[in-house]
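Data first, discussion second: the structure below is written as structure tokens.
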Amino acid sequence: MDVHETLKEIKSKFRLYMNGPVSQSMREKGMDYKINFGIEYPRIKEIAAGYEPNHELAQALWKENIRECKIMAGLLQPAETFYPEIAEIWIEDMRYPEQAEYTVMNLFQRLPYASEIVFPWMADEREYFQLCGFLLMARLLGKGLTLNERAEAEFLDQAGASVKSEYFTVRKAAELALSKYGEQSKQNRKKLSTI
């Protein structure tokens with residue numbers, strides 16, 4: 001597979017589904033990509049389904065400053081070749097909360113090391129690391145991750161501090177993670193009342 005040719009083919013498919021009004025609205029809200037086709041997520045997912053997951057293609061898609069390419073990158077990146085240092089490069093490159101949400105949903109929660117990186121991310125000073133950390137924790141808790149006593153104390157401490165974060169996105173993600181934690185058991189809900 002020629003990555004360059006496939007990339008061209010994907011972009012031409014995006015052009016077919018371009019939604020000018022949505023794209024314009026996103027630009028007005030400050031989402032300043034080089035190109036934003038304004039395509040809704042289910043359509044991006046549908047286009048991605050026509051391609052095999054491929055590391056080189058996903059990396060090439062992520063490097064494009066195009067909204068839909070970044071979303072599709074998370075859909076096509078195989079989890080087993082996505083090392084922690086690549087994850088950090090992607091997070092450092094994120095500029096919009098939407099990128100964090102889709103990347104966590106489509107890729108980060110599938111990573112074999114997800115439960116190990118989630119704590120350092122939540123504790124990181126940088127907004128998008130924290131955002132990805134709490135969104136990832138919310139997903140993991142939603143899928144039934146049980147925290148041992150030490151991890152639970154660390155999570156509650158970190159999330160408790162982050163609900164007062166200067167970053168609105170981090171506050172919301174921390175609240176979401178706490179609510180997923182609370183949904184796990186009555187005992188967990190009781191612990192939340194002490195925060």
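FYI, nothing fancy with the structure tokens labels: chains A, B, ... in order, residues from 1 per chain, ligands from 1 as they appear.
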
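For region 98-114 of chain A, the residues within 7 Å (counting only C-alpha atoms, excluding itself and residues fewer than 6 positions away along the chain) are A:Ile71, A:Gly74, A:Leu75, A:Ala79, A:Cys132, A:Leu135, A:Leu136, A:Arg139, A:Leu140.
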
**OP:** Determine which residues of region 2-147 of chain A receive a DSSP assignment of alpha helix (DSSP H), computed from the backbone, and state them as an MDAnalysis selection string.
**Re:** chainID A and resid 3:16 20:28 41:48 55:63 67:76 84:93 97:106 114:123 127:142

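Ranking A:Gln24, A:Asn36, A:Ser115, A:Ser165 by their shortest atom-to-atom distance to Ala151 (chain A), with only C-alpha atoms included, puts A:Ser115 first.
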
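By only C-alpha atoms, and with residues fewer than 6 positions from region 7-16 of chain A along its chain excluded, the set lying at most 9 Å from it is A:Phe37, A:Ile39, A:Ile44, A:Ile47, A:Ala48, A:Leu57, A:Ala60, A:Leu61, A:Glu68, A:Cys69.
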
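Take the candidates A:Glu152, A:Ser193, A:Glu40, A:Glu175 and check each one against Met18 (chain A) using only C-alpha atoms; the shortest distance goes to A:Glu40.
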
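Reported to one decimal place, the separation of CA of Tyr83 (chain A) from CA of Glu52 (chain A) is 19.2 Å.
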
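For the residues A:Gly144, A:Asn54, A:Glu46, A:Glu125, ranking by smallest atom-to-atom distance to Asp2 (chain A) using only C-alpha atoms places A:Asn54 first.
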
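Note that the spacing between CA of Ala159 (chain A) and CA of Ala73 (chain A) amounts to 28.7 Å.
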